[in-house]
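J.: I am attaching a structure below and will ask some questions about it afterwards.
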There are 2 protein chains.
Amino acid sequence: MTAKSNASSSSSTRRGRKNDPESVQADILAVATREFSEKGLSGARIDEIAEKTRASKRMIYYYFKDKETLYLHTLEAAYQKVRLQEAELQLNHLAPLEALSRLVRFTFCHHAKNPDFIRLVMIENIHHGRYLAQSKLIQSLNAGVIDALTNVYNRGVEDGCFREGLDPRELHWLISALSFFNVSNQHTFSRIFDWKQTAPENQRKLEDHVTDMVMRYVLPGEPAIAEP
Amino acid sequence: MTAKSNASSSSSTRRGRKNDPESVQADILAVATREFSEKGLSGARIDEIAEKTRASKRMIYYYFKDKETLYLHTLEAAYQKVRLQEAELQLNHLAPLEALSRLVRFTFCHHAKNPDFIRLVMIENIHHGRYLAQSKLIQSLNAGVIDALTNVYNRGVEDGCFREGLDPRELHWLISALSFFNVSNQHTFSRIFDWKQTAPENQRKLEDHVTDMVMRYVLPGEPAIAEP
DNA sequence: ACAACAATGTACGAAATGGTACGTTCAGTC
DNA sequence: GACTGAACGTACCATTTCGTACATTGTTGT
């Protein structure tokens with residue numbers, strides 16, 4: 001928002017210069033991401049962010065108006081990074097079964113490797129998604145995810161390897177839920193049930209189970225609902 | 001911890017009295033629950049809790065030593081309330097299939113009806129489960145949950161209606177994940193995918209899908225994992 | 001009735017914290 | 001080389017916020 005950047009000179013040209021606004025902004029954003037994801041919007045301290053930055057507190061307010069605006073920028077940057085990685089997945093040339101299982105495994109692993117992102121989303125939910133709602137950027141970034149999944153699912157239904165009648169959005173919901181919870185609740189779950197959930201072997205097991213669960217869900221077969 | 005209660009007189013006896021420590025404590029705890037679950041540990045303000053209470057700020061520090069201690073007490077109270085409700089579920093006299101689906105539906109609905117609890121657990125996870133780890137009470141409360149599920153699962157395996165080789169803890173993990181995510185991420189998910197997730201009809205659908213998904217997972221049949 | 005202790009109200013202190021005023025340096029332009 | 005606006009540093013202000021000191025009232029045992 002307030003971030004003004006002279007597009008005339010790239011960061012590589014900046015070598016040897018004293019002023020390097022772009023890298024200062026990037027630095028602030030990186031530190032802010034760690035701080036906000038670790039302590040939340042109200043828990044993070046601008047002074048502490050400033051200390052851990054090459055820049056000074058003055059610069060934070062110079063480039064990012066507010067504490068809240070800074071937080072919004074970190075949220076946007078985090079989503080952007082995720083969607084960039086997702087875009088690298090080429091599912092179209094894979095058979096539906098394999099494409100889906102690959103998508104599930106990718107999502108599971110990606111979330112596991114990016115706890116900062118997960119925590120920011122948790123924090124944003126604590127704030128009722130108030131800041132996300134202000135961001136046109138994030139809204140636009142996420143359309144593609146459902147499209148890709150819809151494509152895979154429709155191909156699978158045509159092939160007869162997936163059952164009909166599922167909503168791709170709900171399918172995405174299921175995949176997200178399992179992958180997200182694995183990171184978001186690891187602390188309470190591990191402690192309560194005395195289970196080293198983050199141990200590599202258990203993570204592998206969970207990844208298999210989650211993939212298995214999603215596959216079992218989309219495979220053809222009778223529903224097994226026992227009415228309440 | 002600092003909560004001193006004269007067990008000599010019950011709250012019903014307190015009618016007409018000016019001093020009513022037990023109800024004051026309960027009131028503080030109720031307000032604190034709302035505040036902490038809404039704004040988190042660092043976001044909640046002791047002054048604001050005090051204002052919304054019948055009591056004064058002085059009383060908060062009198063009965064609950066700290067802000068952190070107060071938070072821990074609300075967390076404990078929240079878990080206690082949940083486990084009490086869970087204990088009312090009598091699954092032993094039901095057939096395994098029905099018992100499991102009932103447990104899933106109960107968990108899903110319970111979480112949906114108690115967002116305060118979910119948010120407190122989210123917040124606690126943001127704090128790496130640091131406070132939960134201090135509480136002997138919460139640790140002891142949660143043993144029973146797995147026991148009940150283990151019982152149902154083992155009966156199902158004997159009957160042949162469940163497949164073998166599943167870990168009840170992991171099964172509980174799956175049920176929790178889906179039910180928890182439904183509440184914890186409703187804001188970001190709804191906004192990003194423009195989907196009224198909390199609408200009653202969609203909640204009914206999700207409840208069915210979640211139940212269906214769990215049942216499909218435990219039902220006998222070949223695994224469907226496509227190796228990565 | 002009267003200690004003794006529990007329960008509560010009021011006002012205040014000290015530190016933390018978000019944000020800004022003001023001044024200085026850097027870098028491109030004429 | 002002077003000028004201009006962007007980039008940056010330092011010191012500071014105003015408020016918020018946790019926590020406490022001190023005084024007061026209620027309650028119970030003897």
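Chain labels follow the order of the structure tokens: the first chain is A, the next B, and so on; residue numbering restarts at 1 in every chain, and ligands are counted from 1 in their shown order.
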If the cut-off is 10 Å, can you tell me the residues of chain C near chain B, counting only C-alpha atoms (C1' of nucleotides)? I'd like them as a PyMOL selection string.
T.: chain C and resi 6-10
J.: Just write the chosen residues, N, CA and C atoms (P, O5', C5', C4', C3', O3' and C1' of nucleotides), as a compact mmCIF listing (two decimals), in the first residue's frame.
T.:
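Below is the file that was written, out-v8.txt:
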# COMPACT_ATOMS: atom_id res chain seq x y z
P DA C 6 -8.06 -16.09 55.20
O5' DA C 6 -9.33 -16.14 54.25
C5' DA C 6 -10.57 -16.60 54.76
C4' DA C 6 -11.70 -15.86 54.08
C3' DA C 6 -11.49 -15.59 52.58
O3' DA C 6 -12.69 -15.87 51.91
C1' DA C 6 -11.91 -13.56 53.70
P DA C 7 -12.81 -15.73 50.35
O5' DA C 7 -13.34 -14.24 50.21
C5' DA C 7 -14.68 -13.96 50.62
C4' DA C 7 -15.03 -12.54 50.23
C3' DA C 7 -14.80 -12.18 48.76
O3' DA C 7 -15.98 -11.58 48.27
C1' DA C 7 -13.77 -10.58 50.15
P DT C 8 -16.13 -11.26 46.72
O5' DT C 8 -15.76 -9.72 46.66
C5' DT C 8 -16.61 -8.79 47.32
C4' DT C 8 -15.96 -7.43 47.37
C3' DT C 8 -15.54 -6.83 46.03
O3' DT C 8 -16.44 -5.79 45.67
C1' DT C 8 -14.02 -6.33 47.78
P DG C 9 -16.23 -4.98 44.34
O5' DG C 9 -15.64 -3.60 44.89
C5' DG C 9 -16.22 -2.96 46.03
C4' DG C 9 -15.70 -1.54 46.17
C3' DG C 9 -15.41 -0.83 44.85
O3' DG C 9 -15.69 0.57 45.01
C1' DG C 9 -13.38 -1.11 46.06
P DT C 10 -15.41 1.59 43.83
O5' DT C 10 -13.97 2.18 44.14
C5' DT C 10 -13.64 2.55 45.49
C4' DT C 10 -12.38 3.41 45.47
C3' DT C 10 -12.10 4.16 44.18
O3' DT C 10 -11.60 5.45 44.48
C1' DT C 10 -10.28 2.72 44.66
J.: Write out, as CSV, each residue of chain D that has an atom at most 10 Å from chain A, together with the closest pair of atoms and their distance in Å to one decimal, counting only C-alpha atoms (C1' of nucleotides), rows going by chain and rising number.
T.:
residue,atom,partner,partner_atom,distance
D:DA6,C1',A:Pro21,CA,9.6
D:DA7,C1',A:Asn19,CA,6.5
D:DC8,C1',A:Met59,CA,7.2
D:DG9,C1',A:Ser56,CA,7.6
D:DT10,C1',A:Arg58,CA,9.6
J.: Within 9 Å of Lys67 of chain A, counting only C-alpha atoms (C1' of nucleotides), which residues show up once you throw out same-chain ones fewer than 4 positions away? Write them as a PyMOL selection string, please.
T.: (chain A and resi 41+45-46+60-61+71-72) or (chain C and resi 18)
J.: Select residues of chain B: the criterion is any atom within 7 Å of an atom of chain A, counting only C-alpha atoms; output as a VMD selection string.
T.: chain B and resid 42 to 43 98 101 to 102 119 125 to 126 128 to 129 133 139 142 177 to 178 181 184 to 185 187 to 188 191 to 192 211 to 213 215 to 217 223 to 226 228
J.: Select from segment 142-188 of chain A everything DSSP, run on the backbone, classes as alpha helix (DSSP H), then give the selection as a ChimeraX atom specification.
T.: /A:143-159,168-184,186-188
J.: Go ahead and write the selection's residues with C-alpha atoms as an mmCIF file, in the first residue's frame.
T.:
data_model
loop_
_atom_site.group_PDB
_atom_site.id
_atom_site.type_symbol
_atom_site.label_atom_id
_atom_site.label_comp_id
_atom_site.auth_asym_id
_atom_site.auth_seq_id
_atom_site.Cartn_x
_atom_site.Cartn_y
_atom_site.Cartn_z
ATOM 1 C CA ALA A 143 -9.462 -19.346 -7.852
ATOM 2 C CA GLY A 144 -6.960 -21.598 -9.633
ATOM 3 C CA VAL A 145 -6.753 -24.198 -6.907
ATOM 4 C CA ILE A 146 -10.336 -25.324 -7.250
ATOM 5 C CA ASP A 147 -10.101 -25.244 -11.042
ATOM 6 C CA ALA A 148 -7.203 -27.681 -11.059
ATOM 7 C CA LEU A 149 -8.961 -30.048 -8.709
ATOM 8 C CA THR A 150 -12.206 -29.815 -10.675
ATOM 9 C CA ASN A 151 -10.338 -30.787 -13.811
ATOM 10 C CA VAL A 152 -8.795 -33.846 -12.199
ATOM 11 C CA TYR A 153 -12.062 -34.904 -10.640
ATOM 12 C CA ASN A 154 -14.075 -34.570 -13.839
ATOM 13 C CA ARG A 155 -11.526 -36.596 -15.773
ATOM 14 C CA GLY A 156 -11.702 -39.238 -13.070
ATOM 15 C CA VAL A 157 -15.467 -39.444 -13.239
ATOM 16 C CA GLU A 158 -15.318 -39.856 -17.022
ATOM 17 C CA ASP A 159 -12.757 -42.633 -16.645
ATOM 18 C CA PRO A 168 -14.672 -30.416 -5.853
ATOM 19 C CA ARG A 169 -14.863 -27.632 -3.290
ATOM 20 C CA GLU A 170 -15.795 -30.110 -0.600
ATOM 21 C CA LEU A 171 -13.072 -32.438 -1.781
ATOM 22 C CA HIS A 172 -10.593 -29.609 -1.455
ATOM 23 C CA TRP A 173 -12.035 -28.940 1.974
ATOM 24 C CA LEU A 174 -11.296 -32.507 3.057
ATOM 25 C CA ILE A 175 -7.749 -32.469 1.734
ATOM 26 C CA SER A 176 -7.076 -29.102 3.346
ATOM 27 C CA ALA A 177 -8.600 -30.127 6.649
ATOM 28 C CA LEU A 178 -6.390 -33.156 7.093
ATOM 29 C CA SER A 179 -3.213 -31.465 5.906
ATOM 30 C CA PHE A 180 -3.874 -28.324 7.891
ATOM 31 C CA PHE A 181 -4.781 -30.010 11.149
ATOM 32 C CA ASN A 182 -1.576 -32.011 10.971
ATOM 33 C CA VAL A 183 0.356 -28.806 11.510
ATOM 34 C CA SER A 184 -2.082 -26.552 13.303
ATOM 35 C CA GLN A 186 0.358 -30.815 16.492
ATOM 36 C CA HIS A 187 1.234 -29.275 19.841
ATOM 37 C CA THR A 188 -1.960 -29.939 21.738
#
J.: Mind giving me the straight-line distance from atom C1' of DT17 of chain D to atom CA of Ala50 of chain B in Å, one decimal?
T.: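 Answer for the atom C1' of DT17 of chain D to atom CA of Ala50 of chain B separation: 12.6 Å.
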J.: One decimal, in Å: what's the spacing between atom CA of Ser23 of chain B and atom CA of His111 of chain B?
T.: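 That distance, rounded to one decimal, is 26.7 Å.
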J.: Given only C-alpha atoms as the basis, pick out the residue of B:Tyr63, B:Phe108, B:Phe117, B:Phe162 nearest to Gln80 of chain B.
T.: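 Counting only C-alpha atoms, the residue closest to Gln80 of chain B is B:Phe117.
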J.: Could you list, as a VMD selection string, every residue within 12 Å of DA11 of chain D, counting only C-alpha atoms (C1' of nucleotides) and ignoring same-chain residues fewer than 6 positions away?
T.: (chain A and resid 58) or (chain C and resid 20 to 23)
J.: Using N, CA and C atoms (P, O5', C5', C4', C3', O3' and C1' of nucleotides), can you write the selected residues to a file as a PDB file, in the first residue's frame?
T.:
ATOM      1  N   ARG A  58      11.741   3.115  12.408  1.00  0.00           N
ATOM      2  CA  ARG A  58      11.302   4.192  11.527  1.00  0.00           C
ATOM      3  C   ARG A  58      10.949   3.669  10.130  1.00  0.00           C
TER       4      ARG A  58
ATOM      5  P    DT C  20       1.669   7.893  13.280  1.00  0.00           P
ATOM      6  O5'  DT C  20       2.645   9.012  13.845  1.00  0.00           O
ATOM      7  C5'  DT C  20       2.384   9.570  15.123  1.00  0.00           C
ATOM      8  C4'  DT C  20       3.414  10.645  15.443  1.00  0.00           C
ATOM      9  C3'  DT C  20       3.897  11.463  14.238  1.00  0.00           C
ATOM     10  O3'  DT C  20       4.044  12.807  14.664  1.00  0.00           O
ATOM     11  C1'  DT C  20       5.739  10.466  15.294  1.00  0.00           C
ATOM     12  P    DA C  21       4.117  13.994  13.581  1.00  0.00           P
ATOM     13  O5'  DA C  21       5.115  15.012  14.270  1.00  0.00           O
ATOM     14  C5'  DA C  21       5.501  14.837  15.650  1.00  0.00           C
ATOM     15  C4'  DA C  21       6.743  15.641  15.963  1.00  0.00           C
ATOM     16  C3'  DA C  21       7.153  16.668  14.913  1.00  0.00           C
ATOM     17  O3'  DA C  21       7.861  17.725  15.573  1.00  0.00           O
ATOM     18  C1'  DA C  21       8.747  14.926  14.963  1.00  0.00           C
ATOM     19  P    DC C  22       8.384  18.976  14.706  1.00  0.00           P
ATOM     20  O5'  DC C  22       9.920  18.657  14.520  1.00  0.00           O
ATOM     21  C5'  DC C  22      10.651  18.034  15.577  1.00  0.00           C
ATOM     22  C4'  DC C  22      12.043  17.673  15.097  1.00  0.00           C
ATOM     23  C3'  DC C  22      12.556  18.549  13.942  1.00  0.00           C
ATOM     24  O3'  DC C  22      13.882  18.922  14.208  1.00  0.00           O
ATOM     25  C1'  DC C  22      12.766  16.285  13.387  1.00  0.00           C
ATOM     26  P    DG C  23      14.612  20.081  13.317  1.00  0.00           P
ATOM     27  O5'  DG C  23      16.005  19.416  12.959  1.00  0.00           O
ATOM     28  C5'  DG C  23      16.674  18.590  13.926  1.00  0.00           C
ATOM     29  C4'  DG C  23      17.403  17.470  13.216  1.00  0.00           C
ATOM     30  C3'  DG C  23      18.310  17.918  12.059  1.00  0.00           C
ATOM     31  O3'  DG C  23      19.658  17.553  12.331  1.00  0.00           O
ATOM     32  C1'  DG C  23      17.001  16.024  11.458  1.00  0.00           C
TER      33       DG C  23
END
J.: Which residues are near DC30 of chain C? Cut-off 12 Å, only C-alpha atoms (C1' of nucleotides), ignore same chain within fewer than 4 positions. Put them as JSON, numbers by chain.
T.: {"D": [1, 2, 3, 4]}
J.: Quote the spacing between atom CA of Gln134 of chain A and atom CA of Asp66 of chain A in Å to one decimal place.
T.: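 Atom-to-atom, atom CA of Gln134 of chain A to atom CA of Asp66 of chain A, that is 14.6 Å.
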J.: As a PyMOL selection string, please: the residues near DC12 of chain C (cut-off 12 Å, only C-alpha atoms (C1' of nucleotides), same-chain neighbours under 6 positions excluded).
T.: chain D and resi 19-22
J.: Take the selection from the previous step and output its residues with N, CA and C atoms (P, O5', C5', C4', C3', O3' and C1' of nucleotides), as a PDB file, in the first residue's frame.
T.:
ATOM      1  P    DG D  19       0.223  -9.539  34.940  1.00  0.00           P
ATOM      2  O5'  DG D  19       0.319  -8.697  36.286  1.00  0.00           O
ATOM      3  C5'  DG D  19       1.541  -8.001  36.550  1.00  0.00           C
ATOM      4  C4'  DG D  19       1.332  -6.992  37.638  1.00  0.00           C
ATOM      5  C3'  DG D  19       0.762  -7.547  38.946  1.00  0.00           C
ATOM      6  O3'  DG D  19       1.784  -7.551  39.917  1.00  0.00           O
ATOM      7  C1'  DG D  19      -0.127  -5.411  38.391  1.00  0.00           C
ATOM      8  P    DT D  20       1.486  -8.070  41.404  1.00  0.00           P
ATOM      9  O5'  DT D  20       1.337  -6.730  42.251  1.00  0.00           O
ATOM     10  C5'  DT D  20       2.131  -5.608  41.913  1.00  0.00           C
ATOM     11  C4'  DT D  20       1.845  -4.461  42.872  1.00  0.00           C
ATOM     12  C3'  DT D  20       1.493  -4.881  44.289  1.00  0.00           C
ATOM     13  O3'  DT D  20       2.079  -3.939  45.181  1.00  0.00           O
ATOM     14  C1'  DT D  20      -0.256  -3.585  43.418  1.00  0.00           C
ATOM     15  P    DA D  21       2.319  -4.353  46.752  1.00  0.00           P
ATOM     16  O5'  DA D  21       2.144  -2.945  47.482  1.00  0.00           O
ATOM     17  C5'  DA D  21       2.236  -1.738  46.708  1.00  0.00           C
ATOM     18  C4'  DA D  21       1.536  -0.594  47.438  1.00  0.00           C
ATOM     19  C3'  DA D  21       1.315  -0.817  48.929  1.00  0.00           C
ATOM     20  O3'  DA D  21       1.364   0.444  49.604  1.00  0.00           O
ATOM     21  C1'  DA D  21      -0.777  -0.706  47.846  1.00  0.00           C
ATOM     22  P    DC D  22       1.296   0.483  51.197  1.00  0.00           P
ATOM     23  O5'  DC D  22      -0.207   0.977  51.424  1.00  0.00           O
ATOM     24  C5'  DC D  22      -0.791   1.901  50.505  1.00  0.00           C
ATOM     25  C4'  DC D  22      -2.246   2.113  50.835  1.00  0.00           C
ATOM     26  C3'  DC D  22      -2.609   1.809  52.305  1.00  0.00           C
ATOM     27  O3'  DC D  22      -3.479   2.817  52.771  1.00  0.00           O
ATOM     28  C1'  DC D  22      -4.016   0.603  50.868  1.00  0.00           C
TER      29       DC D  22
END
